[in-house]
$ cat upload-v6.txt   # compact mmCIF, C-alpha atoms and all ligand atoms
# COMPACT_ATOMS: atom_id res chain seq x y z
CA ASN A 92 37.93 12.55 13.08
CA GLY A 93 34.61 11.02 12.23
CA HIS A 94 32.93 11.12 15.61
CA ASP A 95 29.43 12.51 15.86
CA LYS A 96 29.87 15.94 17.46
CA ARG A 97 26.67 15.73 19.48
CA GLU A 98 27.83 12.51 21.06
CA VAL A 99 29.29 12.70 24.58
CA ARG A 100 32.42 10.57 24.88
CA VAL A 101 33.41 9.50 28.38
CA TRP A 102 36.92 8.42 29.37
CA CYS A 103 37.81 5.99 32.18
CA ASP A 104 41.21 4.51 32.93
CA GLY A 105 42.78 2.10 35.37
CA CYS A 106 44.69 -1.13 35.91
CA TYR A 107 41.63 -3.38 35.81
CA ASP A 108 43.67 -6.17 37.37
CA MET A 109 41.41 -8.99 38.53
CA VAL A 110 38.31 -7.36 37.12
CA HIS A 111 35.35 -7.59 39.49
CA PHE A 112 31.80 -6.24 39.59
CA GLY A 113 33.06 -3.09 41.38
CA HIS A 114 34.98 -2.17 38.22
CA ALA A 115 31.94 -3.09 36.12
CA ASN A 116 29.70 -0.93 38.29
CA SER A 117 31.99 2.09 37.87
CA LEU A 118 31.97 1.60 34.09
CA ARG A 119 28.18 1.27 34.14
CA GLN A 120 27.85 4.59 35.97
CA ALA A 121 30.40 6.24 33.67
CA LYS A 122 28.54 5.09 30.55
CA ALA A 123 25.33 6.57 31.96
CA LEU A 124 27.02 10.02 31.97
CA GLY A 125 27.44 10.04 28.18
CA ASP A 126 26.92 8.18 24.92
CA LYS A 127 30.19 6.35 24.33
CA LEU A 128 32.57 4.88 26.90
CA ILE A 129 36.27 4.73 26.08
CA VAL A 130 38.44 2.87 28.62
CA GLY A 131 42.21 3.30 28.85
CA VAL A 132 43.94 0.28 30.39
CA HIS A 133 47.56 0.61 31.62
CA ASN A 134 50.16 -1.84 30.36
CA ASP A 135 52.19 -4.08 32.67
CA ASP A 136 55.30 -1.83 32.71
CA GLU A 137 53.27 1.23 33.70
CA ILE A 138 51.57 -0.62 36.57
CA ARG A 139 54.86 -2.15 37.75
CA LYS A 140 56.35 1.36 37.89
CA HIS A 141 53.53 2.91 39.95
CA LYS A 142 52.07 0.20 42.13
CA GLY A 143 53.85 -3.13 41.69
CA PRO A 144 53.34 -6.06 39.31
CA PRO A 145 49.77 -6.92 38.26
CA VAL A 146 48.37 -10.45 38.70
CA PHE A 147 47.00 -10.57 35.15
CA THR A 148 48.90 -9.80 31.96
CA GLU A 149 47.99 -6.77 29.87
CA GLU A 150 46.48 -9.00 27.17
CA GLU A 151 44.22 -10.64 29.76
CA ARG A 152 43.28 -7.28 31.27
CA TYR A 153 42.48 -5.67 27.88
CA LYS A 154 40.27 -8.62 26.99
CA MET A 155 38.40 -8.54 30.32
CA VAL A 156 37.56 -4.84 29.96
CA ARG A 157 36.43 -5.40 26.35
CA GLY A 158 34.08 -8.08 27.68
CA ILE A 159 32.14 -5.63 29.87
CA LYS A 160 28.88 -4.65 28.22
CA TRP A 161 29.05 -0.91 28.88
CA VAL A 162 32.48 -0.51 27.22
CA ASP A 163 32.55 0.75 23.65
CA GLU A 164 36.30 0.92 23.10
CA VAL A 165 39.49 -0.08 24.93
CA ILE A 166 42.69 1.94 24.56
CA GLU A 167 45.64 -0.35 25.27
CA GLY A 168 48.60 1.00 27.24
CA ALA A 169 47.02 4.25 28.43
CA PRO A 170 49.35 6.39 30.61
CA TYR A 171 49.01 6.19 34.42
CA VAL A 172 48.49 9.94 34.76
CA THR A 173 45.44 11.18 32.86
CA THR A 174 46.27 14.27 30.79
CA LEU A 175 44.21 16.65 28.66
CA GLU A 176 46.24 15.45 25.63
CA THR A 177 44.93 11.93 26.23
CA LEU A 178 41.31 13.11 26.55
CA ASP A 179 41.69 15.18 23.35
CA LYS A 180 43.47 12.42 21.46
CA TYR A 181 40.48 10.13 21.94
CA ASP A 182 37.97 12.93 21.59
CA CYS A 183 36.67 12.48 25.13
CA ASP A 184 34.74 15.24 26.89
CA PHE A 185 35.68 14.29 30.44
CA CYS A 186 37.18 11.59 32.61
CA VAL A 187 35.32 9.53 35.21
CA HIS A 188 36.77 7.81 38.27
CA GLY A 189 35.50 6.32 41.52
CA ASP A 190 35.49 8.49 44.67
CA ASP A 191 38.84 7.16 45.93
CA ILE A 192 42.19 8.91 45.53
CA THR A 193 44.77 7.28 43.27
CA VAL A 194 48.35 8.47 43.32
CA THR A 195 51.49 7.89 41.25
CA ALA A 196 54.70 6.41 42.65
CA ASP A 197 55.58 10.02 43.65
CA GLY A 198 52.34 10.53 45.54
CA VAL A 199 50.71 12.84 42.98
CA ASP A 200 46.93 12.61 42.38
CA THR A 201 46.66 10.94 38.96
CA TYR A 202 43.58 13.04 38.14
CA LYS A 203 44.89 16.49 39.25
CA ILE A 204 45.22 17.80 35.69
CA VAL A 205 41.75 16.82 34.51
CA LYS A 206 40.22 17.95 37.83
CA ASP A 207 41.84 21.41 37.49
CA ALA A 208 40.59 21.67 33.91
CA GLY A 209 37.02 20.86 35.00
CA ARG A 210 37.03 17.72 32.88
CA TYR A 211 36.52 15.21 35.69
CA LYS A 212 33.42 13.54 37.15
CA GLU A 213 33.16 11.19 40.04
CA VAL A 214 31.07 8.04 40.49
CA GLN A 215 30.45 6.08 43.64
CA ARG A 216 32.91 3.31 44.39
CA THR A 217 31.25 -0.04 45.09
CA ALA A 218 31.62 -0.90 48.76
CA GLY A 219 32.63 -4.39 49.80
CA VAL A 220 34.74 -5.46 46.85
CA SER A 221 38.30 -4.70 45.77
CA THR A 222 41.30 -6.55 44.46
CA THR A 223 42.85 -6.37 47.93
CA ASP A 224 39.71 -7.89 49.46
CA LEU A 225 39.59 -10.69 46.87
CA VAL A 226 43.29 -11.46 47.40
CA GLY A 227 42.57 -11.58 51.14
CA ARG A 228 39.79 -14.11 50.57
CA MET A 229 42.09 -16.26 48.47
CA LEU A 230 44.89 -16.21 51.04
CA LEU A 231 42.37 -17.11 53.74
CA LEU A 232 41.10 -19.93 51.60
CA THR A 233 44.57 -21.37 51.20
CA LYS A 234 45.52 -21.00 54.85
CA ASN A 235 42.41 -22.95 55.81
CA HIS A 236 43.20 -25.39 53.07
CA PHE A 237 46.43 -26.27 54.85
CA LYS A 238 44.77 -27.18 58.11
CA GLN A 239 41.97 -28.96 56.22
CA GLY A 240 39.70 -31.48 57.93
CA GLN A 241 39.08 -29.62 61.14
CA TYR A 242 38.13 -26.36 59.44
CA GLU A 243 36.07 -28.00 56.76
CA TYR A 244 33.82 -29.58 59.33
CA SER A 245 33.60 -26.59 61.61
CA VAL A 246 32.57 -24.16 58.88
CA ALA A 247 28.88 -23.23 58.89
CA LYS A 248 27.50 -24.26 55.52
CA GLU A 249 24.53 -21.94 55.43
CA HIS A 250 22.44 -21.49 52.37
CA SER A 251 23.29 -18.45 50.30
CA THR A 252 19.78 -17.12 50.89
CA THR A 253 20.81 -16.30 54.45
CA MET A 254 23.69 -14.18 53.22
CA GLY A 255 23.65 -10.54 52.34
CA GLN A 256 21.17 -9.52 54.97
CA ASP A 257 23.32 -7.00 56.79
CA SER A 258 26.66 -5.29 56.53
CA SER A 259 28.40 -8.20 58.22
CA ALA A 260 27.05 -10.58 55.60
CA ARG A 261 29.73 -12.99 54.54
CA SER A 262 30.30 -16.02 52.40
CA PRO A 263 29.97 -19.11 54.60
CA TYR A 264 33.16 -20.47 53.06
CA THR A 265 35.51 -17.53 52.83
CA GLY A 266 33.84 -15.34 55.42
CA CYS A 267 34.80 -12.01 53.90
CA SER A 268 32.12 -10.37 51.82
CA GLN A 269 30.91 -6.98 52.99
CA PHE A 270 28.93 -6.41 49.81
CA LEU A 271 25.22 -5.64 50.11
CA PRO A 272 23.27 -7.14 47.24
CA THR A 273 20.01 -5.45 46.32
CA THR A 274 17.41 -6.02 43.63
CA GLN A 275 18.24 -2.50 42.44
CA LYS A 276 21.81 -3.53 41.64
CA ILE A 277 20.60 -6.59 39.74
CA ILE A 278 18.17 -4.43 37.74
CA GLN A 279 20.95 -1.96 36.91
CA PHE A 280 23.22 -4.77 35.69
CA SER A 281 20.64 -6.71 33.73
CA ASP A 282 19.42 -6.03 30.17
CA GLY A 283 15.84 -6.83 31.04
CA LYS A 284 15.40 -8.20 27.52
CA ALA A 285 13.39 -11.36 26.87
CA PRO A 286 14.45 -13.57 23.96
CA LYS A 287 13.05 -12.51 20.58
CA GLU A 288 10.80 -14.74 18.49
CA GLY A 289 12.97 -17.37 16.81
CA ASP A 290 16.05 -16.71 18.96
CA ARG A 291 18.22 -19.78 19.46
CA ILE A 292 18.58 -20.18 23.22
CA VAL A 293 21.88 -21.35 24.67
CA TYR A 294 22.20 -22.58 28.25
CA VAL A 295 25.43 -22.93 30.19
CA ALA A 296 25.84 -23.67 33.88
CA GLY A 297 28.64 -23.40 36.36
CA ALA A 298 30.18 -21.64 39.31
CA PHE A 299 31.75 -18.74 37.39
CA ASP A 300 33.69 -17.98 40.54
CA LEU A 301 36.14 -15.03 40.27
CA PHE A 302 34.88 -14.41 36.73
CA HIS A 303 38.00 -14.58 34.56
CA VAL A 304 39.30 -14.66 30.93
CA GLY A 305 38.63 -18.41 30.68
CA HIS A 306 34.95 -17.77 31.44
CA LEU A 307 34.92 -14.85 29.02
CA ASP A 308 36.40 -16.88 26.13
CA PHE A 309 33.96 -19.69 26.92
CA LEU A 310 30.94 -17.37 26.89
CA GLU A 311 32.09 -15.82 23.61
CA LYS A 312 32.13 -19.31 22.06
CA ALA A 313 28.76 -20.13 23.66
CA LYS A 314 27.24 -16.95 22.24
CA ALA A 315 28.47 -17.91 18.77
CA GLN A 316 26.24 -21.03 19.04
CA GLY A 317 23.03 -19.04 19.33
CA ASP A 318 21.35 -15.70 19.98
CA TYR A 319 20.40 -15.60 23.65
CA VAL A 320 22.74 -16.94 26.34
CA ILE A 321 21.34 -17.97 29.72
CA VAL A 322 23.88 -18.66 32.45
CA GLY A 323 22.79 -20.94 35.31
CA LEU A 324 24.73 -20.15 38.46
CA HIS A 325 24.92 -22.85 41.13
CA THR A 326 24.35 -21.92 44.77
CA ASP A 327 27.31 -21.68 47.16
CA PRO A 328 26.57 -25.06 48.83
CA VAL A 329 26.37 -26.78 45.41
CA VAL A 330 29.68 -25.24 44.30
CA ASN A 331 31.23 -26.21 47.63
CA ARG A 332 30.13 -29.82 47.23
CA TYR A 333 32.05 -30.34 44.01
CA LYS A 334 34.87 -27.83 44.53
CA ASP A 335 35.43 -28.48 48.26
CA SER A 336 37.97 -26.54 50.37
CA ASN A 337 36.39 -23.13 50.93
CA TYR A 338 35.12 -22.41 47.45
CA PRO A 339 33.34 -20.39 46.17
CA ILE A 340 35.44 -17.28 46.79
CA MET A 341 32.61 -15.05 45.64
CA ASN A 342 29.12 -15.70 46.93
CA LEU A 343 26.16 -16.27 44.63
CA HIS A 344 25.04 -12.64 44.63
CA GLU A 345 28.50 -11.42 43.64
CA ARG A 346 28.81 -14.08 40.93
CA VAL A 347 25.44 -12.98 39.52
CA LEU A 348 26.68 -9.41 39.03
CA SER A 349 30.03 -10.49 37.54
CA VAL A 350 28.27 -12.65 34.95
CA LEU A 351 25.58 -10.06 34.17
CA ALA A 352 28.30 -7.51 33.37
CA CYS A 353 29.54 -9.72 30.52
CA LYS A 354 28.43 -8.62 27.05
CA TYR A 355 27.70 -12.17 25.85
CA VAL A 356 25.18 -12.89 28.62
CA SER A 357 21.46 -12.21 28.25
CA GLU A 358 20.05 -13.74 31.40
CA VAL A 359 21.14 -15.44 34.62
CA VAL A 360 19.43 -18.15 36.64
CA ILE A 361 20.17 -17.32 40.27
CA GLY A 362 20.79 -20.68 41.93
CA ALA A 363 20.48 -23.17 39.06
CA PRO A 364 20.21 -26.90 39.86
CA TYR A 365 23.42 -28.87 39.27
CA LYS A 366 21.58 -31.20 36.94
CA VAL A 367 20.01 -29.84 33.74
CA THR A 368 16.44 -31.12 34.05
CA GLN A 369 13.66 -31.48 31.50
CA ASP A 370 11.73 -28.81 33.43
CA LEU A 371 14.58 -26.36 33.04
CA ILE A 372 14.89 -27.08 29.31
CA ASP A 373 11.13 -26.60 28.81
CA HIS A 374 10.83 -23.56 31.03
CA PHE A 375 13.54 -21.59 29.21
CA ASN A 376 12.95 -23.08 25.75
CA ILE A 377 16.57 -24.18 25.63
CA ASP A 378 17.86 -25.21 22.20
CA ILE A 379 21.37 -26.16 23.20
CA VAL A 380 23.26 -26.82 26.45
CA ILE A 381 27.00 -26.14 26.31
CA HIS A 382 29.90 -27.05 28.56
CA GLY A 383 33.60 -26.28 28.18
CA ASN A 384 36.49 -28.70 28.47
CA THR A 385 36.73 -28.60 32.26
CA PRO A 386 35.82 -31.83 34.10
CA VAL A 387 32.18 -32.51 35.07
CA MET A 388 31.32 -34.09 38.42
CA MET A 389 28.41 -36.48 38.87
CA ASP A 390 25.30 -35.23 40.66
CA VAL A 391 24.60 -36.30 44.29
CA ASP A 392 22.51 -39.23 42.98
CA GLY A 393 25.40 -40.45 40.81
CA THR A 394 23.87 -39.38 37.49
CA HIS A 395 25.54 -37.18 34.90
CA PRO A 396 24.30 -33.57 35.13
CA TYR A 397 23.99 -33.34 31.33
CA GLU A 398 22.40 -36.76 30.64
CA ILE A 399 18.99 -35.29 29.73
CA PRO A 400 20.16 -32.71 27.14
CA LYS A 401 22.56 -35.36 25.79
CA ALA A 402 19.71 -37.83 25.27
CA LEU A 403 17.74 -35.09 23.50
CA GLY A 404 20.65 -34.30 21.18
CA LYS A 405 20.82 -30.84 22.77
CA PHE A 406 24.28 -30.97 24.26
CA LYS A 407 27.55 -29.69 22.91
CA ASN A 408 31.10 -29.49 24.21
CA VAL A 409 32.88 -26.30 23.25
CA ASP A 410 36.59 -25.67 23.73
CA SER A 411 37.20 -22.18 25.09
CA GLY A 412 40.85 -22.42 24.04
CA ASN A 413 41.75 -20.89 27.40
CA GLU A 414 43.40 -22.75 30.26
CA MET A 415 42.56 -20.26 32.99
CA THR A 416 40.72 -21.59 36.06
CA THR A 417 39.84 -20.15 39.44
CA ASP A 418 42.49 -22.44 41.03
CA ARG A 419 45.14 -21.03 38.69
CA ILE A 420 44.30 -17.50 39.80
CA VAL A 421 44.68 -18.55 43.42
CA GLU A 422 48.06 -20.13 42.54
CA ARG A 423 49.20 -16.89 40.89
CA ILE A 424 48.18 -14.93 43.98
CA ILE A 425 50.03 -17.29 46.31
CA ARG A 426 53.13 -16.99 44.13
CA ASN A 427 52.94 -13.18 44.36
CA ARG A 428 51.67 -12.94 47.93
CA GLN A 429 54.66 -11.00 49.27
CA GLN A 430 53.65 -8.12 47.02
CA PHE A 431 50.21 -7.61 48.55
N1 LIG B 501 36.29 0.94 41.38
C1 LIG B 501 35.02 1.06 41.96
N2 LIG B 501 34.64 0.22 42.97
C2 LIG B 501 35.50 -0.71 43.45
C3 LIG B 501 36.79 -0.85 42.89
C4 LIG B 501 37.16 -0.01 41.84
O1 LIG B 501 34.23 1.89 41.55
N3 LIG B 501 35.10 -1.48 44.46
C5 LIG B 501 36.66 1.85 40.29
C6 LIG B 501 37.80 2.80 40.63
O2 LIG B 501 37.35 3.90 41.38
C7 LIG B 501 38.27 3.21 39.23
C8 LIG B 501 37.99 1.98 38.37
O3 LIG B 501 37.15 1.13 39.19
O4 LIG B 501 37.46 4.28 38.76
C9 LIG B 501 39.18 1.21 37.90
O5 LIG B 501 40.32 1.47 38.65
P1 LIG B 501 41.49 0.45 39.01
O6 LIG B 501 42.73 1.22 39.05
O7 LIG B 501 41.50 -0.75 38.14
O8 LIG B 501 40.91 -0.09 40.38
P2 LIG B 501 41.39 0.10 41.86
O9 LIG B 501 40.96 1.41 42.38
O10 LIG B 501 42.83 -0.31 41.94
O11 LIG B 501 40.46 -1.01 42.54
P3 LIG B 501 40.86 -2.46 43.03
O12 LIG B 501 41.72 -2.29 44.23
O13 LIG B 501 39.58 -3.16 43.35
O14 LIG B 501 41.57 -3.11 41.87
O1 LIG B 502 34.36 -23.91 36.36
P1 LIG B 502 33.06 -23.17 36.12
O2 LIG B 502 31.87 -23.88 36.64
O3 LIG B 502 33.13 -21.75 36.56
O4 LIG B 502 32.93 -23.14 34.53
C1 LIG B 502 31.83 -22.61 33.86
C2 LIG B 502 31.90 -22.97 32.38
O5 LIG B 502 33.03 -22.35 31.76
C3 LIG B 502 32.07 -24.48 32.15
O6 LIG B 502 31.33 -24.88 31.01
C4 LIG B 502 33.56 -24.60 31.88
O7 LIG B 502 33.90 -25.76 31.15
C5 LIG B 502 33.83 -23.33 31.11
N1 LIG B 502 35.24 -22.93 31.11
C6 LIG B 502 35.99 -23.01 29.94
N2 LIG B 502 37.32 -22.63 29.93
C7 LIG B 502 37.92 -22.20 31.07
C8 LIG B 502 37.19 -22.11 32.27
C9 LIG B 502 35.85 -22.48 32.26
O8 LIG B 502 35.46 -23.42 28.91
N3 LIG B 502 39.22 -21.85 31.02
$ encode --input "upload-v6.txt" --output "structure tokens" --more "lines below"
Ligand code: CTP
Ligand code: C5P
Amino acid sequence: NGHDKREVRVWCDGCYDMVHFGHANSLRQAKALGDKLIVGVHNDDEIRKHKGPPVFTEEERYKMVRGIKWVDEVIEGAPYVTTLETLDKYDCDFCVHGDDITVTADGVDTYKIVKDAGRYKEVQRTAGVSTTDLVGRMLLLTKNHFKQGQYEYSVAKEHSTTMGQDSSARSPYTGCSQFLPTTQKIIQFSDGKAPKEGDRIVYVAGAFDLFHVGHLDFLEKAKAQGDYVIVGLHTDPVVNRYKDSNYPIMNLHERVLSVLACKYVSEVVIGAPYKVTQDLIDHFNIDIVIHGNTPVMMDVDGTHPYEIPKALGKFKNVDSGNEMTTDRIVERIIRNRQQF
């Protein structure tokens, strides 16, 4: 079937609904166990049958998994129960899953068959992030949204640098993150590659909160404009200033990992200024600054954040062709909230 026989092919499968850096981290670990990573993603019907309707459509979920840099191939509509036939069909040596038990609608371990056959390996699940946790943050955000005013003023707007220091670390806005960011995790997620001589350097900035298909389509378009994409991520207080309510839902550290997991991204600026300055352009040798079609807010001093690259003829608007936004995701969750 054309595959190099010496090559170890690893199989992963799952729903990958609301893809987060926990999923990315499991795929990273799985890839490290072999040469090629094949990921089976269940279709909507299959998920509805075993655990209830997904938030994202199968097309959105397939695309998100394809966007993760450790994934070599996505198999659409993979069955919920992993069988030896499936592993053999895609020429995979073994299956990898996180160290949590998943069961079918009938309560059967979905990996029993591959476990019994000795074709199963386990990786460590990432603590502090899950779809359930993210949905919880969104519901909390909306509840506080309703009693606005009071809550907005009582919330402690700490700088993100004070977060992530202990296991009770939490986003100052949503108050839920239990994730412990470390330099090790950032190193594992990053390419560590500097731009090559002559590379055209693209810069984009934003919140990239709850990294979604809209961001992915945008970054794909941004990548097509050059060779090396740098993503500037604003700090939590900056995002909160222009997004208000209790955004961001994911703190800066979490957003860093989500963006680093994307195959179009080469480098991330952790806590980029809202305004694209001359210093920033010089420091990173930026050839072009790109923004999508979403609205741009003025900076605190009333100036346009892109006025400098615009004056230099280094600014471009690019249409991602995708209408997804973080607010839309929250709306979808609210609409489906009974199911969680
Ligand atoms: N996974 C992980 N760490 C997390 C969440 C998921 O390592 N914090 C892994 C799971 O163990 C699995 C893979 O990601 O190997 C994809 O499984 P999927 O069915 O999509 O995820 P869930 O287990 O349902 O996770 P979540 O509730 O976050 O969607
Ligand atoms: O809203 P946020 O700051 O996360 O957006 C980051 C970048 O992604 C912006 O340039 C924005 O215009 C772009 N984007 C897009 N299409 C979407 C969502 C975001 O082009 N559906």
$ residues_near_point --input "upload-v6.txt" --point "(12.9, -16.6, 18.4)" --cutoff "12 Å" --atoms "all atoms listed in the file" --output "list in words"
Ala285, Pro286, Lys287, Glu288, Gly289, Asp290, Arg291, Ile292, Val293, Gly317, Asp318, Tyr319, Phe375, Asn376, Ile377 and Asp378 of chain A
$ write_last_selection --input "upload-v6.txt" --atoms "C-alpha atoms" --output "compact mmCIF listing (two decimals), keeping the file's coordinate frame"
# COMPACT_ATOMS: atom_id res chain seq x y z
CA ALA A 285 13.39 -11.36 26.87
CA PRO A 286 14.45 -13.57 23.96
CA LYS A 287 13.05 -12.51 20.58
CA GLU A 288 10.80 -14.74 18.49
CA GLY A 289 12.97 -17.37 16.81
CA ASP A 290 16.05 -16.71 18.96
CA ARG A 291 18.22 -19.78 19.46
CA ILE A 292 18.58 -20.18 23.22
CA VAL A 293 21.88 -21.35 24.67
CA GLY A 317 23.03 -19.04 19.33
CA ASP A 318 21.35 -15.70 19.98
CA TYR A 319 20.40 -15.60 23.65
CA PHE A 375 13.54 -21.59 29.21
CA ASN A 376 12.95 -23.08 25.75
CA ILE A 377 16.57 -24.18 25.63
CA ASP A 378 17.86 -25.21 22.20
$ closest_residue --input "upload-v6.txt" --among "A:Arg152, A:Lys366, A:His141, A:Lys312" --to "A:Val199" --atoms "all atoms listed in the file"
A:His141
$ closest_residue --input "upload-v6.txt" --among "A:Val165, A:Val387, A:Ile159, A:Ala208" --to "ligand LIG 502 (chain B)" --atoms "all atoms listed in the file"
A:Val387
$ residues_near_ligand --input "upload-v6.txt" --ligand "ligand LIG 502 (chain B)" --cutoff "10 Å" --atoms "only C-alpha atoms and all ligand atoms" --output "JSON list (two decimals) with C-alpha atoms, in the frame of the given file"
[["chain", "number", "residue", "atom", "x", "y", "z"],
["A", 294, "TYR", "CA", 22.20, -22.58, 28.25],
["A", 295, "VAL", "CA", 25.43, -22.93, 30.19],
["A", 296, "ALA", "CA", 25.84, -23.67, 33.88],
["A", 297, "GLY", "CA", 28.64, -23.40, 36.36],
["A", 298, "ALA", "CA", 30.18, -21.64, 39.31],
["A", 299, "PHE", "CA", 31.75, -18.74, 37.39],
["A", 300, "ASP", "CA", 33.69, -17.98, 40.54],
["A", 301, "LEU", "CA", 36.14, -15.03, 40.27],
["A", 302, "PHE", "CA", 34.88, -14.41, 36.73],
["A", 303, "HIS", "CA", 38.00, -14.58, 34.56],
["A", 304, "VAL", "CA", 39.30, -14.66, 30.93],
["A", 305, "GLY", "CA", 38.63, -18.41, 30.68],
["A", 306, "HIS", "CA", 34.95, -17.77, 31.44],
["A", 307, "LEU", "CA", 34.92, -14.85, 29.02],
["A", 308, "ASP", "CA", 36.40, -16.88, 26.13],
["A", 309, "PHE", "CA", 33.96, -19.69, 26.92],
["A", 310, "LEU", "CA", 30.94, -17.37, 26.89],
["A", 311, "GLU", "CA", 32.09, -15.82, 23.61],
["A", 312, "LYS", "CA", 32.13, -19.31, 22.06],
["A", 313, "ALA", "CA", 28.76, -20.13, 23.66],
["A", 322, "VAL", "CA", 23.88, -18.66, 32.45],
["A", 323, "GLY", "CA", 22.79, -20.94, 35.31],
["A", 324, "LEU", "CA", 24.73, -20.15, 38.46],
["A", 325, "HIS", "CA", 24.92, -22.85, 41.13],
["A", 330, "VAL", "CA", 29.68, -25.24, 44.30],
["A", 333, "TYR", "CA", 32.05, -30.34, 44.01],
["A", 334, "LYS", "CA", 34.87, -27.83, 44.53],
["A", 339, "PRO", "CA", 33.34, -20.39, 46.17],
["A", 346, "ARG", "CA", 28.81, -14.08, 40.93],
["A", 380, "VAL", "CA", 23.26, -26.82, 26.45],
["A", 381, "ILE", "CA", 27.00, -26.14, 26.31],
["A", 382, "HIS", "CA", 29.90, -27.05, 28.56],
["A", 383, "GLY", "CA", 33.60, -26.28, 28.18],
["A", 384, "ASN", "CA", 36.49, -28.70, 28.47],
["A", 385, "THR", "CA", 36.73, -28.60, 32.26],
["A", 386, "PRO", "CA", 35.82, -31.83, 34.10],
["A", 387, "VAL", "CA", 32.18, -32.51, 35.07],
["A", 408, "ASN", "CA", 31.10, -29.49, 24.21],
["A", 409, "VAL", "CA", 32.88, -26.30, 23.25],
["A", 410, "ASP", "CA", 36.59, -25.67, 23.73],
["A", 411, "SER", "CA", 37.20, -22.18, 25.09],
["A", 412, "GLY", "CA", 40.85, -22.42, 24.04],
["A", 413, "ASN", "CA", 41.75, -20.89, 27.40],
["A", 414, "GLU", "CA", 43.40, -22.75, 30.26],
["A", 415, "MET", "CA", 42.56, -20.26, 32.99],
["A", 416, "THR", "CA", 40.72, -21.59, 36.06],
["A", 417, "THR", "CA", 39.84, -20.15, 39.44],
["A", 418, "ASP", "CA", 42.49, -22.44, 41.03],
["A", 419, "ARG", "CA", 45.14, -21.03, 38.69]]
$ residues_near_ligand --input "upload-v6.txt" --ligand "ligand LIG 501 (chain B)" --cutoff "8 Å" --atoms "all atoms listed in the file" --output "PyMOL selection string"
chain A and resi 103-118+187-191+193+214-224
$ closest_residue --input "upload-v6.txt" --among "A:Arg228, A:Glu345, A:Ile424, A:Pro145" --to "A:Leu271" --atoms "all atoms listed in the file"
A:Glu345
$ atom_distance --input "upload-v6.txt" --atom1 "atom CA of A:Tyr211" --atom2 "atom CA of A:Phe270"
26.9 Å
$ decode --input "upload-v6.txt" --residues "stretch 146-156 of chain A" --atoms "N, CA, C and O atoms" --output "PDB file, in the first residue's frame"
ATOM      1  N   VAL A 146     -20.678  20.445  19.662  1.00  0.00           N
ATOM      2  CA  VAL A 146     -20.872  21.887  19.487  1.00  0.00           C
ATOM      3  C   VAL A 146     -20.465  22.283  18.058  1.00  0.00           C
ATOM      4  O   VAL A 146     -21.092  23.111  17.426  1.00  0.00           O
ATOM      5  N   PHE A 147     -19.401  21.662  17.572  1.00  0.00           N
ATOM      6  CA  PHE A 147     -18.894  21.986  16.238  1.00  0.00           C
ATOM      7  C   PHE A 147     -19.279  20.909  15.239  1.00  0.00           C
ATOM      8  O   PHE A 147     -19.360  19.729  15.590  1.00  0.00           O
ATOM      9  N   THR A 148     -19.490  21.300  13.988  1.00  0.00           N
ATOM     10  CA  THR A 148     -19.861  20.353  12.944  1.00  0.00           C
ATOM     11  C   THR A 148     -18.644  19.495  12.585  1.00  0.00           C
ATOM     12  O   THR A 148     -17.506  19.875  12.874  1.00  0.00           O
ATOM     13  N   GLU A 149     -18.913  18.373  11.927  1.00  0.00           N
ATOM     14  CA  GLU A 149     -17.810  17.481  11.562  1.00  0.00           C
ATOM     15  C   GLU A 149     -16.813  18.197  10.634  1.00  0.00           C
ATOM     16  O   GLU A 149     -15.610  18.025  10.775  1.00  0.00           O
ATOM     17  N   GLU A 150     -17.325  19.027   9.718  1.00  0.00           N
ATOM     18  CA  GLU A 150     -16.414  19.728   8.807  1.00  0.00           C
ATOM     19  C   GLU A 150     -15.475  20.654   9.586  1.00  0.00           C
ATOM     20  O   GLU A 150     -14.290  20.741   9.299  1.00  0.00           O
ATOM     21  N   GLU A 151     -16.025  21.337  10.595  1.00  0.00           N
ATOM     22  CA  GLU A 151     -15.208  22.227  11.421  1.00  0.00           C
ATOM     23  C   GLU A 151     -14.197  21.421  12.234  1.00  0.00           C
ATOM     24  O   GLU A 151     -13.033  21.809  12.362  1.00  0.00           O
ATOM     25  N   ARG A 152     -14.637  20.285  12.759  1.00  0.00           N
ATOM     26  CA  ARG A 152     -13.759  19.454  13.597  1.00  0.00           C
ATOM     27  C   ARG A 152     -12.636  18.819  12.772  1.00  0.00           C
ATOM     28  O   ARG A 152     -11.490  18.771  13.210  1.00  0.00           O
ATOM     29  N   TYR A 153     -12.966  18.360  11.545  1.00  0.00           N
ATOM     30  CA  TYR A 153     -11.922  17.764  10.691  1.00  0.00           C
ATOM     31  C   TYR A 153     -10.850  18.820  10.392  1.00  0.00           C
ATOM     32  O   TYR A 153      -9.651  18.556  10.445  1.00  0.00           O
ATOM     33  N   LYS A 154     -11.324  20.018  10.057  1.00  0.00           N
ATOM     34  CA  LYS A 154     -10.402  21.095   9.691  1.00  0.00           C
ATOM     35  C   LYS A 154      -9.487  21.479  10.862  1.00  0.00           C
ATOM     36  O   LYS A 154      -8.281  21.684  10.689  1.00  0.00           O
ATOM     37  N   MET A 155     -10.063  21.556  12.062  1.00  0.00           N
ATOM     38  CA  MET A 155      -9.282  21.921  13.247  1.00  0.00           C
ATOM     39  C   MET A 155      -8.166  20.916  13.522  1.00  0.00           C
ATOM     40  O   MET A 155      -7.051  21.285  13.867  1.00  0.00           O
ATOM     41  N   VAL A 156      -8.482  19.629  13.373  1.00  0.00           N
ATOM     42  CA  VAL A 156      -7.466  18.595  13.644  1.00  0.00           C
ATOM     43  C   VAL A 156      -6.377  18.644  12.565  1.00  0.00           C
ATOM     44  O   VAL A 156      -5.194  18.525  12.856  1.00  0.00           O
TER      45      VAL A 156
END
